[in-house]
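**Student:** Input final_37.txt, format and content: compact mmCIF, C-alpha atoms and all ligand atoms.
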# COMPACT_ATOMS: atom_id res chain seq x y z
CA MET A 25 31.88 -10.20 32.54
CA LYS A 26 28.43 -9.69 31.00
CA LYS A 27 27.62 -11.34 27.69
CA ARG A 28 27.91 -8.79 24.85
CA ILE A 29 25.10 -8.89 22.29
CA VAL A 30 25.49 -6.53 19.35
CA VAL A 31 22.49 -5.97 17.07
CA LEU A 32 23.01 -4.10 13.79
CA GLY A 33 19.93 -2.23 12.56
CA ALA A 34 17.00 -0.84 14.58
CA GLY A 35 14.21 -1.77 12.20
CA PHE A 36 11.34 -4.20 12.76
CA GLY A 37 13.76 -7.05 13.50
CA GLY A 38 16.35 -5.20 15.60
CA MET A 39 13.81 -3.37 17.75
CA GLU A 40 11.71 -6.45 18.47
CA LEU A 41 14.79 -8.54 19.26
CA THR A 42 16.27 -6.03 21.70
CA THR A 43 12.86 -5.39 23.30
CA LEU A 44 12.50 -9.13 23.99
CA LEU A 45 16.06 -9.35 25.38
CA SER A 46 15.39 -6.36 27.62
CA GLU A 47 12.14 -7.88 28.91
CA SER A 48 13.75 -11.23 29.77
CA LEU A 49 17.35 -10.43 30.60
CA GLY A 50 17.31 -6.74 31.59
CA ASP A 51 20.80 -5.52 32.33
CA SER A 52 22.20 -8.98 33.10
CA VAL A 53 23.56 -8.80 29.53
CA GLU A 54 25.06 -5.93 27.57
CA VAL A 55 22.97 -5.23 24.49
CA THR A 56 24.14 -2.67 21.94
CA LEU A 57 21.79 -1.70 19.11
CA ILE A 58 23.35 0.31 16.27
CA ASP A 59 21.50 2.31 13.61
CA LYS A 60 22.61 5.14 11.36
CA ALA A 61 19.17 6.81 11.27
CA ASP A 62 17.64 9.13 13.87
CA SER A 63 14.13 7.71 13.48
CA PHE A 64 12.10 4.71 12.35
CA VAL A 65 9.41 4.81 9.65
CA PHE A 66 6.92 1.96 9.09
CA GLY A 67 7.19 0.70 5.49
CA TYR A 68 3.49 1.21 4.79
CA ALA A 69 3.72 4.83 5.96
CA LYS A 70 5.56 5.55 2.69
CA LEU A 71 2.26 4.94 0.85
CA ASP A 72 0.48 7.30 3.25
CA VAL A 73 3.09 9.99 2.59
CA LEU A 74 3.03 9.41 -1.18
CA PHE A 75 -0.74 9.81 -1.47
CA GLY A 76 -0.95 12.72 0.97
CA ARG A 77 -2.71 10.77 3.75
CA GLU A 78 -0.01 11.71 6.29
CA PRO A 79 2.40 14.66 6.37
CA PRO A 80 6.03 13.45 6.10
CA GLU A 81 6.95 14.70 9.59
CA ALA A 82 4.14 12.64 11.18
CA VAL A 83 5.56 9.24 10.19
CA HIS A 84 9.03 9.55 11.77
CA LEU A 85 9.33 7.87 15.17
CA PRO A 86 12.49 9.24 16.83
CA TYR A 87 14.87 6.64 18.26
CA ARG A 88 15.41 8.81 21.35
CA ASP A 89 12.04 7.38 22.50
CA PHE A 90 13.28 3.77 22.19
CA VAL A 91 14.36 3.24 25.80
CA LYS A 92 14.81 -0.32 27.11
CA PRO A 93 16.64 -1.43 30.27
CA GLY A 94 19.94 -3.07 29.35
CA VAL A 95 19.90 -1.79 25.75
CA GLN A 96 22.26 0.93 24.53
CA LEU A 97 21.10 2.46 21.25
CA ARG A 98 23.95 4.05 19.31
CA ARG A 99 23.42 6.31 16.32
CA GLU A 100 26.39 5.20 14.21
CA THR A 101 26.96 3.88 10.71
CA VAL A 102 28.29 0.35 10.44
CA THR A 103 31.33 0.47 8.14
CA ALA A 104 32.73 -3.09 8.49
CA ILE A 105 31.61 -6.45 9.87
CA ASP A 106 34.04 -9.29 10.64
CA PRO A 107 31.74 -12.28 11.26
CA GLN A 108 34.64 -14.64 12.04
CA ALA A 109 35.87 -12.44 14.89
CA ARG A 110 32.34 -11.06 15.62
CA ARG A 111 33.80 -7.57 15.40
CA VAL A 112 31.95 -4.54 14.07
CA THR A 113 33.45 -1.22 13.05
CA THR A 114 31.38 1.95 12.83
CA ASP A 115 32.10 5.57 11.95
CA ALA A 116 32.52 6.16 15.71
CA GLY A 117 34.32 3.09 17.04
CA ALA A 118 34.44 -0.70 17.23
CA TYR A 119 32.45 -3.40 19.05
CA GLU A 120 33.38 -6.96 20.03
CA ALA A 121 30.40 -9.31 20.34
CA ASP A 122 29.73 -12.69 21.92
CA VAL A 123 26.54 -12.80 19.84
CA LEU A 124 26.16 -10.70 16.70
CA VAL A 125 22.80 -10.19 14.97
CA VAL A 126 22.71 -8.56 11.54
CA ALA A 127 19.33 -6.86 10.98
CA LEU A 128 20.37 -4.15 8.51
CA GLY A 129 17.38 -4.58 6.19
CA SER A 130 17.50 -4.35 2.43
CA ASP A 131 19.14 -1.63 0.38
CA TYR A 132 18.26 -0.61 -3.16
CA ASP A 133 20.44 -1.55 -6.12
CA PHE A 134 19.96 1.44 -8.43
CA LYS A 135 22.82 0.39 -10.71
CA ALA A 136 20.75 -2.65 -11.73
CA THR A 137 18.18 -0.41 -13.46
CA PRO A 138 19.80 2.18 -15.73
CA GLY A 139 17.97 5.51 -15.64
CA LEU A 140 16.21 4.89 -12.30
CA THR A 141 17.06 7.82 -10.00
CA PRO A 142 17.10 7.34 -6.19
CA GLY A 143 14.65 9.54 -4.33
CA ARG A 144 12.84 10.57 -7.54
CA ASP A 145 11.58 7.57 -9.51
CA GLU A 146 10.74 5.32 -6.55
CA PHE A 147 8.41 5.38 -3.56
CA TYR A 148 10.25 2.73 -1.50
CA SER A 149 12.54 5.24 0.26
CA VAL A 150 11.20 7.99 2.50
CA ALA A 151 12.94 10.57 0.27
CA GLY A 152 11.31 9.06 -2.83
CA ALA A 153 7.83 9.00 -1.29
CA GLU A 154 8.22 12.62 -0.16
CA TYR A 155 9.45 13.72 -3.61
CA LEU A 156 6.72 11.92 -5.55
CA ARG A 157 4.06 13.31 -3.21
CA GLU A 158 4.87 16.73 -4.73
CA VAL A 159 4.91 15.32 -8.28
CA LEU A 160 1.48 13.62 -8.05
CA PRO A 161 -0.64 16.82 -8.08
CA LYS A 162 1.05 17.84 -11.36
CA PHE A 163 0.01 14.60 -13.09
CA THR A 164 -3.33 15.27 -14.76
CA LYS A 165 -3.40 13.07 -17.87
CA GLY A 166 -1.65 10.26 -19.71
CA PRO A 167 -0.10 6.94 -18.68
CA ALA A 168 1.06 6.15 -15.13
CA ILE A 169 3.23 3.13 -14.37
CA ILE A 170 3.78 1.40 -11.07
CA GLY A 171 6.90 -0.55 -12.01
CA VAL A 172 8.94 -3.11 -10.09
CA CYS A 173 12.58 -3.57 -11.10
CA GLY A 174 13.35 -6.96 -9.52
CA ALA A 175 12.23 -9.63 -7.06
CA PRO A 176 12.35 -10.27 -4.17
CA PHE A 177 11.12 -6.89 -2.96
CA LYS A 178 9.68 -5.66 0.35
CA CYS A 179 6.01 -6.26 1.04
CA PRO A 180 4.92 -8.04 -2.17
CA PRO A 181 1.37 -6.55 -2.06
CA ALA A 182 2.67 -2.93 -1.86
CA PRO A 183 2.87 -2.24 -5.64
CA SER A 184 -0.71 -3.50 -6.02
CA GLU A 185 -1.76 -1.27 -3.12
CA ALA A 186 -0.06 1.67 -4.85
CA ALA A 187 -2.03 0.99 -8.07
CA LEU A 188 -5.36 0.89 -6.21
CA MET A 189 -4.50 3.98 -4.17
CA LEU A 190 -3.46 5.87 -7.32
CA HIS A 191 -6.83 4.99 -8.84
CA ASP A 192 -8.60 6.52 -5.81
CA TYR A 193 -6.32 9.55 -5.82
CA LEU A 194 -7.06 10.33 -9.48
CA THR A 195 -10.78 9.55 -9.12
CA GLU A 196 -11.14 11.95 -6.17
CA ARG A 197 -9.62 14.69 -8.34
CA GLY A 198 -11.90 13.94 -11.30
CA LEU A 199 -8.89 12.96 -13.43
CA ARG A 200 -9.18 9.20 -13.66
CA SER A 201 -10.74 9.12 -17.14
CA ASN A 202 -7.79 11.16 -18.51
CA CYS A 203 -5.20 8.67 -17.17
CA GLU A 204 -4.18 5.05 -17.65
CA ILE A 205 -2.65 2.99 -14.84
CA THR A 206 -0.34 0.01 -15.54
CA LEU A 207 1.22 -2.26 -12.91
CA VAL A 208 4.40 -4.11 -13.97
CA LEU A 209 5.25 -6.92 -11.53
CA PRO A 210 8.04 -9.54 -11.77
CA LEU A 211 5.84 -12.16 -10.06
CA SER A 212 3.50 -14.60 -11.76
CA LYS A 213 0.63 -13.47 -9.51
CA ALA A 214 -0.06 -10.38 -7.40
CA VAL A 215 0.48 -12.34 -4.14
CA PRO A 216 1.90 -15.74 -5.17
CA PRO A 217 1.37 -17.67 -1.88
CA SER A 218 -2.34 -16.86 -1.93
CA PRO A 219 -4.29 -17.53 -5.16
CA GLU A 220 -7.45 -16.18 -3.48
CA THR A 221 -5.74 -12.86 -2.67
CA SER A 222 -4.24 -12.68 -6.17
CA ASP A 223 -7.64 -13.35 -7.77
CA ALA A 224 -9.31 -10.66 -5.63
CA LEU A 225 -6.65 -8.16 -6.69
CA VAL A 226 -7.04 -9.07 -10.37
CA VAL A 227 -10.82 -8.49 -10.05
CA ALA A 228 -10.17 -5.15 -8.33
CA PHE A 229 -7.76 -4.13 -11.12
CA ALA A 230 -10.30 -5.10 -13.81
CA GLU A 231 -13.13 -3.19 -12.07
CA ARG A 232 -10.96 -0.07 -12.02
CA GLY A 233 -9.45 -0.38 -15.49
CA ILE A 234 -5.91 -0.95 -14.15
CA LYS A 235 -3.71 -2.85 -16.61
CA PHE A 236 -1.83 -5.65 -14.83
CA MET A 237 1.37 -7.03 -16.37
CA PRO A 238 2.60 -9.98 -14.25
CA SER A 239 5.92 -11.82 -14.88
CA ARG A 240 7.50 -8.62 -16.22
CA ARG A 241 10.07 -6.28 -14.71
CA ILE A 242 11.34 -2.81 -15.47
CA LYS A 243 14.80 -3.20 -17.04
CA ALA A 244 15.58 0.50 -17.61
CA LEU A 245 14.07 3.98 -17.69
CA ASP A 246 14.69 6.41 -20.51
CA ALA A 247 13.91 9.70 -18.78
CA LYS A 248 14.50 11.82 -21.89
CA ARG A 249 11.81 9.97 -23.83
CA SER A 250 9.70 9.23 -20.67
CA VAL A 251 9.70 5.55 -21.54
CA ALA A 252 10.08 2.46 -19.33
CA ILE A 253 11.83 -0.50 -20.94
CA LEU A 254 10.69 -3.95 -19.85
CA ASP A 255 12.76 -7.13 -19.63
CA ASP A 256 11.21 -8.40 -22.90
CA GLY A 257 12.26 -5.21 -24.69
CA ALA A 258 8.75 -3.70 -24.81
CA GLU A 259 8.60 0.06 -24.25
CA LEU A 260 5.89 1.74 -22.17
CA PRO A 261 5.58 5.54 -22.29
CA PHE A 262 4.71 7.26 -19.03
CA GLY A 263 3.72 10.64 -17.63
CA LEU A 264 4.13 9.37 -14.06
CA PHE A 265 6.47 6.58 -12.90
CA LEU A 266 6.20 5.13 -9.39
CA GLY A 267 9.04 2.62 -9.11
CA VAL A 268 10.20 -0.14 -6.81
CA PRO A 269 13.99 -0.58 -7.10
CA LYS A 270 15.75 -3.93 -7.17
CA HIS A 271 16.70 -4.96 -3.61
CA ARG A 272 20.05 -6.10 -2.26
CA ALA A 273 21.66 -6.42 1.19
CA PRO A 274 23.59 -3.27 2.19
CA GLU A 275 27.11 -3.04 0.73
CA VAL A 276 28.76 -3.38 4.16
CA VAL A 277 27.09 -6.79 4.52
CA HIS A 278 28.31 -7.89 1.07
CA GLN A 279 31.84 -6.89 2.01
CA SER A 280 31.66 -9.00 5.18
CA GLY A 281 31.46 -12.29 3.29
CA LEU A 282 28.05 -13.11 4.82
CA CYS A 283 26.14 -13.01 1.50
CA GLU A 284 25.61 -15.61 -1.16
CA GLY A 285 23.89 -13.83 -4.02
CA ASP A 286 22.04 -10.68 -2.99
CA PHE A 287 21.31 -11.57 0.66
CA VAL A 288 22.72 -13.35 3.72
CA THR A 289 22.33 -17.10 3.73
CA VAL A 290 20.81 -18.39 6.97
CA ASN A 291 19.40 -21.58 8.37
CA ALA A 292 15.68 -20.76 7.84
CA GLN A 293 14.69 -22.53 11.07
CA THR A 294 17.24 -20.94 13.41
CA LEU A 295 18.41 -17.80 11.53
CA GLU A 296 22.03 -18.81 12.17
CA THR A 297 24.61 -17.88 9.56
CA LYS A 298 27.56 -20.12 8.75
CA PHE A 299 29.62 -18.20 11.37
CA PRO A 300 29.14 -19.40 14.97
CA GLY A 301 27.38 -16.83 17.16
CA VAL A 302 26.30 -14.75 14.16
CA TYR A 303 22.61 -14.51 13.16
CA ALA A 304 20.88 -12.58 10.38
CA ILE A 305 17.18 -11.66 10.51
CA GLY A 306 14.65 -9.82 8.38
CA ASP A 307 15.07 -8.32 4.94
CA VAL A 308 18.86 -8.66 4.94
CA ALA A 309 18.56 -12.47 5.04
CA SER A 310 17.30 -15.13 2.67
CA GLN A 311 15.02 -16.43 5.43
CA GLN A 312 12.60 -18.15 3.00
CA THR A 313 9.76 -15.76 3.82
CA PRO A 314 8.72 -12.53 2.09
CA LYS A 315 10.53 -9.34 2.97
CA ALA A 316 8.06 -7.85 5.43
CA GLY A 317 8.21 -6.44 8.92
CA VAL A 318 6.00 -9.16 10.31
CA PHE A 319 8.51 -11.86 9.23
CA ALA A 320 11.49 -9.83 10.50
CA GLU A 321 9.68 -9.79 13.84
CA GLY A 322 9.00 -13.55 13.69
CA ALA A 323 12.70 -14.21 13.07
CA ALA A 324 13.63 -11.84 15.92
CA LYS A 325 11.46 -13.90 18.30
CA ILE A 326 13.36 -17.11 17.44
CA VAL A 327 16.80 -15.52 17.87
CA ALA A 328 15.76 -13.80 21.11
CA ALA A 329 14.47 -17.11 22.49
CA SER A 330 17.79 -18.82 21.60
CA ILE A 331 19.83 -16.11 23.35
CA ILE A 332 17.51 -16.19 26.38
CA ALA A 333 17.73 -20.02 26.55
CA ASP A 334 21.55 -19.78 26.37
CA ALA A 335 21.34 -17.46 29.38
CA GLY A 336 19.41 -20.19 31.23
CA LYS A 337 16.20 -18.15 31.39
CA GLY A 338 13.81 -19.96 29.06
CA GLU A 339 12.95 -22.85 26.78
CA ARG A 340 14.93 -23.38 23.58
CA PRO A 341 12.68 -22.28 20.67
CA GLY A 342 11.23 -24.53 18.02
CA PRO A 343 11.93 -23.75 14.37
CA HIS A 344 10.85 -20.50 12.74
CA LEU A 345 7.47 -21.28 11.14
CA GLY A 346 7.38 -18.29 8.80
CA ARG A 347 3.79 -17.34 9.60
CA GLY A 348 2.43 -13.84 9.38
CA SER A 349 -0.47 -11.60 8.41
CA CYS A 350 -0.19 -8.83 5.86
CA TYR A 351 -2.72 -6.05 5.43
CA ILE A 352 -3.52 -4.88 1.91
CA GLU A 353 -4.98 -1.47 1.03
CA PHE A 354 -7.78 -2.18 -1.46
CA GLY A 355 -8.83 1.43 -1.96
CA ALA A 356 -12.03 3.18 -0.90
CA GLY A 357 -10.83 3.06 2.71
CA ARG A 358 -10.97 -0.73 2.90
CA VAL A 359 -8.18 -3.12 3.85
CA ALA A 360 -7.89 -6.88 3.21
CA ARG A 361 -5.75 -9.39 5.09
CA VAL A 362 -3.76 -12.42 3.99
CA ASP A 363 -2.47 -14.94 6.56
CA VAL A 364 0.50 -16.73 5.08
CA ASP A 365 2.39 -19.75 6.29
CA PHE A 366 5.72 -20.41 4.60
CA LEU A 367 7.65 -22.93 6.63
CA SER A 368 5.40 -24.99 8.91
CA GLY A 369 3.81 -27.37 6.40
CA PRO A 370 4.71 -29.20 3.22
CA LYS A 371 3.15 -26.39 1.15
CA ILE A 372 3.09 -22.60 1.37
CA SER A 373 -0.44 -21.38 2.09
CA GLY A 374 -2.24 -18.04 2.23
CA ALA A 375 -5.78 -17.48 3.51
CA PHE A 376 -7.59 -14.34 2.37
CA GLN A 377 -9.98 -12.06 4.27
CA ALA A 378 -11.97 -9.76 2.00
CA PRO A 379 -11.51 -5.99 2.27
CA SER A 380 -13.46 -4.22 5.00
CA THR A 381 -13.36 -1.15 7.21
CA GLN A 382 -12.91 -3.46 10.26
CA LEU A 383 -9.63 -4.66 8.80
CA ARG A 384 -8.56 -1.02 8.37
CA ALA A 385 -8.99 -0.64 12.13
CA GLU A 386 -7.00 -3.86 12.67
CA LYS A 387 -4.16 -2.54 10.49
CA GLN A 388 -4.11 0.64 12.56
CA THR A 389 -3.81 -1.49 15.71
CA PHE A 390 -0.92 -3.43 14.08
CA GLY A 391 0.97 -0.13 13.79
CA SER A 392 -0.09 1.48 17.07
CA SER A 393 0.70 -1.66 19.13
CA ARG A 394 4.31 -1.69 17.79
CA ARG A 395 4.63 2.03 18.30
CA LEU A 396 3.57 1.65 21.93
CA ARG A 397 5.75 -1.42 22.50
CA TRP A 398 8.90 0.10 21.02
CA PHE A 399 8.49 3.85 21.53
CA GLY A 400 6.19 3.95 24.55
CA ARG A 401 3.53 6.13 22.90
C1 LIG B 1 5.81 0.65 0.63
C2 LIG B 1 6.06 -0.40 1.69
C3 LIG B 1 5.00 -0.96 2.36
C4 LIG B 1 5.23 -1.93 3.34
N1 LIG B 1 4.16 -2.45 4.04
C5 LIG B 1 4.38 -3.39 4.98
C6 LIG B 1 3.28 -3.92 5.75
O1 LIG B 1 2.13 -3.49 5.58
N2 LIG B 1 3.55 -4.89 6.66
C7 LIG B 1 4.83 -5.35 6.89
O2 LIG B 1 5.01 -6.22 7.74
N3 LIG B 1 5.88 -4.88 6.18
C8 LIG B 1 5.69 -3.90 5.26
N4 LIG B 1 6.75 -3.40 4.54
C9 LIG B 1 8.08 -4.03 4.68
C10 LIG B 1 8.81 -3.62 5.95
O3 LIG B 1 8.94 -2.22 6.04
C11 LIG B 1 10.20 -4.25 5.96
O4 LIG B 1 10.13 -5.57 5.50
C12 LIG B 1 10.78 -4.24 7.37
O5 LIG B 1 11.03 -2.93 7.78
C13 LIG B 1 12.05 -5.09 7.46
O6 LIG B 1 12.55 -5.05 8.74
P1 LIG B 1 14.12 -5.23 9.01
O7 LIG B 1 14.29 -5.14 10.47
O8 LIG B 1 14.63 -6.42 8.30
O9 LIG B 1 14.81 -3.97 8.27
P2 LIG B 1 14.49 -2.44 8.39
O10 LIG B 1 13.21 -2.18 9.11
O11 LIG B 1 14.64 -1.91 7.01
O12 LIG B 1 15.65 -1.88 9.31
C14 LIG B 1 17.00 -1.88 8.92
C15 LIG B 1 17.72 -0.78 9.69
O13 LIG B 1 19.13 -0.87 9.41
C16 LIG B 1 19.66 0.44 9.36
N5 LIG B 1 20.90 0.41 8.59
C17 LIG B 1 21.08 0.00 7.30
N6 LIG B 1 22.39 0.08 6.97
C18 LIG B 1 23.04 0.56 8.06
C19 LIG B 1 24.42 0.83 8.36
N7 LIG B 1 25.40 0.65 7.46
N8 LIG B 1 24.73 1.27 9.60
C20 LIG B 1 23.76 1.46 10.54
N9 LIG B 1 22.47 1.22 10.32
C21 LIG B 1 22.10 0.77 9.09
C22 LIG B 1 18.55 1.26 8.71
O14 LIG B 1 18.68 2.64 9.05
C23 LIG B 1 17.29 0.63 9.28
O15 LIG B 1 16.78 1.32 10.40
C24 LIG B 1 6.56 -2.38 3.60
C25 LIG B 1 7.63 -1.79 2.91
C26 LIG B 1 7.40 -0.80 1.97
C27 LIG B 1 8.58 -0.16 1.27
Step by step, read the file and then write its structure as structure tokens.
Ligand SMILES: Cc1cc2nc3c(=O)[nH]c(=O)nc-3n(C[C@H](O)[C@H](O)[C@H](O)COP(=O)(O)OP(=O)(O)OC[C@H]3O[C@@H](n4cnc5c(N)ncnc54)[C@H](O)[C@@H]3O)c2cc1C

**Tutor:**
Amino acid sequence: MKKRIVVLGAGFGGMELTTLLSESLGDSVEVTLIDKADSFVFGYAKLDVLFGREPPEAVHLPYRDFVKPGVQLRRETVTAIDPQARRVTTDAGAYEADVLVVALGSDYDFKATPGLTPGRDEFYSVAGAEYLREVLPKFTKGPAIIGVCGAPFKCPPAPSEAALMLHDYLTERGLRSNCEITLVLPLSKAVPPSPETSDALVVAFAERGIKFMPSRRIKALDAKRSVAILDDGAELPFGLFLGVPKHRAPEVVHQSGLCEGDFVTVNAQTLETKFPGVYAIGDVASQQTPKAGVFAEGAAKIVAASIIADAGKGERPGPHLGRGSCYIEFGAGRVARVDVDFLSGPKISGAFQAPSTQLRAEKQTFGSSRRLRWFGR
């Protein structure tokens, strides 16, 4: 009987993992990939949709184009996970696994921020980015807030990118001098692992008159008064609110007993959970790296190599080193890059490359290379 590998979630982590398994093991194993959505959207594409750089329909990559030998992609919703028995229930059936990989990403915990409405006050969901794209043209004067409701959150530079992109958006429309922009961030620095990146962002904020409030989070929104309430009780009025909700593993993962706190506890080097044969990768896990696609991919590589080694087809992997590069929109068409290293040395490090148009091209290649690898186009 073929080994049964069940992967939950076809995001950055799930797609890279199953692609690697397909490349090395083909149909010598039975790989089932389960996702409730009909298409994939790159996280950064939400910023492009929000600021009108891409039409919403252009950023959806349909899963029907994800075709890999040996991999069955099922469009189903996972409703229960039994990690002890490695059994998964969906709205369409049940799966028994020899190896189970949970890659269900991060969900948003709207209850944690009273007054924050899903799909309206936040740009971290596709629905929210699409809704706010229609709101932006109506904002012509007054205070705008980019407000983060809790850490950790996906792609730590993204709220800073949103502030810089909002500055450009308002400038291009001749409205910038009528508006104030404030960024509320529950981190001590814009990009904590890289002081150089954080300093460059602080300079960029100052040059553009963006008010930066680090070490603060949005505690609640009072929509009637159009006021954001911060964790220290301060109140900030707004005419436009672009929020980042508090993150949490999906409810089905919490119910499985895999979580401690908001996310799944894993061995950061191997991505194993406390249940034999059960791994968790990417945003769903506390993998001691930021929540970003590039680290979900890095974790997928380690788990794929372990499964491939177990099948006698390759070397056993070393530990996950938690290295990755993130691209940061700096406005005016330029992109910067930070290369971070979380787990390989005694200290976390982050090297900065200043914004340039060359790095914009590199970011485009980051996206197009994944698109080609996973979707064949
Ligand atoms: C504004 C923004 C900008 C970003 N920019 C970058 C960037 O520049 N670079 C970068 O590397 N990262 C970026 N990210 C972060 C990146 O998108 C995520 O970290 C990455 O997608 C995480 O990958 P994952 O595989 O863990 O989860 P995901 O890609 O989120 O995939 C999880 C999958 O699980 C599925 N799922 C969830 N629950 C269920 C269920 N019950 N049943 C079935 N399926 C389910 C979902 O449909 C989803 O497809 C950005 C994110 C945002 C919001």

**Student:** Name the residues, by chain letter and number, that sit within 8 Å of ligand LIG 1 (chain B) using all atoms listed in the file, and give them as a PyMOL selection string.

**Tutor:** chain A and resi 32-39+58-61+63-71+99-103+114+127-131+147-149+178-179+181-183+274-276+305-309+314-321+349-352

**Student:** Keeping only C-alpha atoms, take the residues you just selected and write them out as a CSV table (one decimal), in the frame of the given file.

**Tutor:**
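What landed in again_36.csv:
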chain,number,residue,atom,x,y,z
A,32,LEU,CA,23.0,-4.1,13.8
A,33,GLY,CA,19.9,-2.2,12.6
A,34,ALA,CA,17.0,-0.8,14.6
A,35,GLY,CA,14.2,-1.8,12.2
A,36,PHE,CA,11.3,-4.2,12.8
A,37,GLY,CA,13.8,-7.0,13.5
A,38,GLY,CA,16.4,-5.2,15.6
A,39,MET,CA,13.8,-3.4,17.8
A,58,ILE,CA,23.4,0.3,16.3
A,59,ASP,CA,21.5,2.3,13.6
A,60,LYS,CA,22.6,5.1,11.4
A,61,ALA,CA,19.2,6.8,11.3
A,63,SER,CA,14.1,7.7,13.5
A,64,PHE,CA,12.1,4.7,12.4
A,65,VAL,CA,9.4,4.8,9.6
A,66,PHE,CA,6.9,2.0,9.1
A,67,GLY,CA,7.2,0.7,5.5
A,68,TYR,CA,3.5,1.2,4.8
A,69,ALA,CA,3.7,4.8,6.0
A,70,LYS,CA,5.6,5.6,2.7
A,71,LEU,CA,2.3,4.9,0.8
A,99,ARG,CA,23.4,6.3,16.3
A,100,GLU,CA,26.4,5.2,14.2
A,101,THR,CA,27.0,3.9,10.7
A,102,VAL,CA,28.3,0.4,10.4
A,103,THR,CA,31.3,0.5,8.1
A,114,THR,CA,31.4,2.0,12.8
A,127,ALA,CA,19.3,-6.9,11.0
A,128,LEU,CA,20.4,-4.2,8.5
A,129,GLY,CA,17.4,-4.6,6.2
A,130,SER,CA,17.5,-4.4,2.4
A,131,ASP,CA,19.1,-1.6,0.4
A,147,PHE,CA,8.4,5.4,-3.6
A,148,TYR,CA,10.2,2.7,-1.5
A,149,SER,CA,12.5,5.2,0.3
A,178,LYS,CA,9.7,-5.7,0.4
A,179,CYS,CA,6.0,-6.3,1.0
A,181,PRO,CA,1.4,-6.6,-2.1
A,182,ALA,CA,2.7,-2.9,-1.9
A,183,PRO,CA,2.9,-2.2,-5.6
A,274,PRO,CA,23.6,-3.3,2.2
A,275,GLU,CA,27.1,-3.0,0.7
A,276,VAL,CA,28.8,-3.4,4.2
A,305,ILE,CA,17.2,-11.7,10.5
A,306,GLY,CA,14.6,-9.8,8.4
A,307,ASP,CA,15.1,-8.3,4.9
A,308,VAL,CA,18.9,-8.7,4.9
A,309,ALA,CA,18.6,-12.5,5.0
A,314,PRO,CA,8.7,-12.5,2.1
A,315,LYS,CA,10.5,-9.3,3.0
A,316,ALA,CA,8.1,-7.8,5.4
A,317,GLY,CA,8.2,-6.4,8.9
A,318,VAL,CA,6.0,-9.2,10.3
A,319,PHE,CA,8.5,-11.9,9.2
A,320,ALA,CA,11.5,-9.8,10.5
A,321,GLU,CA,9.7,-9.8,13.8
A,349,SER,CA,-0.5,-11.6,8.4
A,350,CYS,CA,-0.2,-8.8,5.9
A,351,TYR,CA,-2.7,-6.0,5.4
A,352,ILE,CA,-3.5,-4.9,1.9

**Student:** One decimal, in Å: what's the spacing between atom CA of A:Leu190 and atom CA of A:Arg358?

**Tutor:**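 Rounded to one decimal, the two atoms are 14.3 Å apart.
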
**Student:** Find the spatial neighbours of A:Arg88, counting all atoms listed in the file, within a cut-off of 9 Å - ignore same-chain residues fewer than 4 positions away - and output them as a PyMOL selection string.

**Tutor:** chain A and resi 62-63+97+399

**Student:** Would you kindly return, as an NGL selection string, each protein, DNA or RNA residue with an atom no farther than 12 Å from any atom of A:Pro161, considering all atoms listed in the file and excluding same-chain residues fewer than 2 positions away?

**Tutor:** :A and (74-76 or 155-159 or 163-165 or 190 or 193-194 or 196-197 or 199 or 264)

**Student:** Which residue, A:Leu188, A:Leu245, A:Leu266, A:Ala258, has the smallest gap to A:Val226 when you use only C-alpha atoms?

**Tutor:**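 That would be A:Leu188, the residue with the smallest distance to A:Val226.
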
**Student:** Leaving out A:Val288 and any residue of its chain fewer than 3 positions from it, which residues lie within 6 Å of it when counting only C-alpha atoms, given as an mmCIF file with C-alpha atoms, keeping the file's coordinate frame?

**Tutor:**
data_model
loop_
_atom_site.group_PDB
_atom_site.id
_atom_site.type_symbol
_atom_site.label_atom_id
_atom_site.label_comp_id
_atom_site.auth_asym_id
_atom_site.auth_seq_id
_atom_site.Cartn_x
_atom_site.Cartn_y
_atom_site.Cartn_z
ATOM 1 C CA LEU A 282 28.050 -13.110 4.820
ATOM 2 C CA CYS A 283 26.140 -13.010 1.500
ATOM 3 C CA ALA A 309 18.560 -12.470 5.040
ATOM 4 C CA SER A 310 17.300 -15.130 2.670
#

**Student:** Because some atoms of stretch 167-172 of chain A are absent here, can you restore N, CA and C atoms and send them as a short mmCIF file (atom, residue, chain, number, x, y, z; two decimals), keeping the file's coordinate frame?

**Tutor:**
data_model
loop_
_atom_site.label_atom_id
_atom_site.label_comp_id
_atom_site.auth_asym_id
_atom_site.auth_seq_id
_atom_site.Cartn_x
_atom_site.Cartn_y
_atom_site.Cartn_z
N PRO A 167 -0.36 8.23 -19.32
CA PRO A 167 -0.10 6.94 -18.68
C PRO A 167 0.72 7.04 -17.39
N ALA A 168 0.29 6.28 -16.38
CA ALA A 168 1.06 6.15 -15.13
C ALA A 168 1.49 4.70 -15.01
N ILE A 169 2.73 4.50 -14.57
CA ILE A 169 3.23 3.13 -14.37
C ILE A 169 3.65 2.96 -12.92
N ILE A 170 3.19 1.86 -12.33
CA ILE A 170 3.78 1.40 -11.07
C ILE A 170 4.67 0.24 -11.51
N GLY A 171 5.98 0.41 -11.40
CA GLY A 171 6.90 -0.55 -12.01
C GLY A 171 7.92 -1.11 -11.05
N VAL A 172 8.01 -2.43 -11.00
CA VAL A 172 8.94 -3.11 -10.09
C VAL A 172 10.14 -3.60 -10.89
#
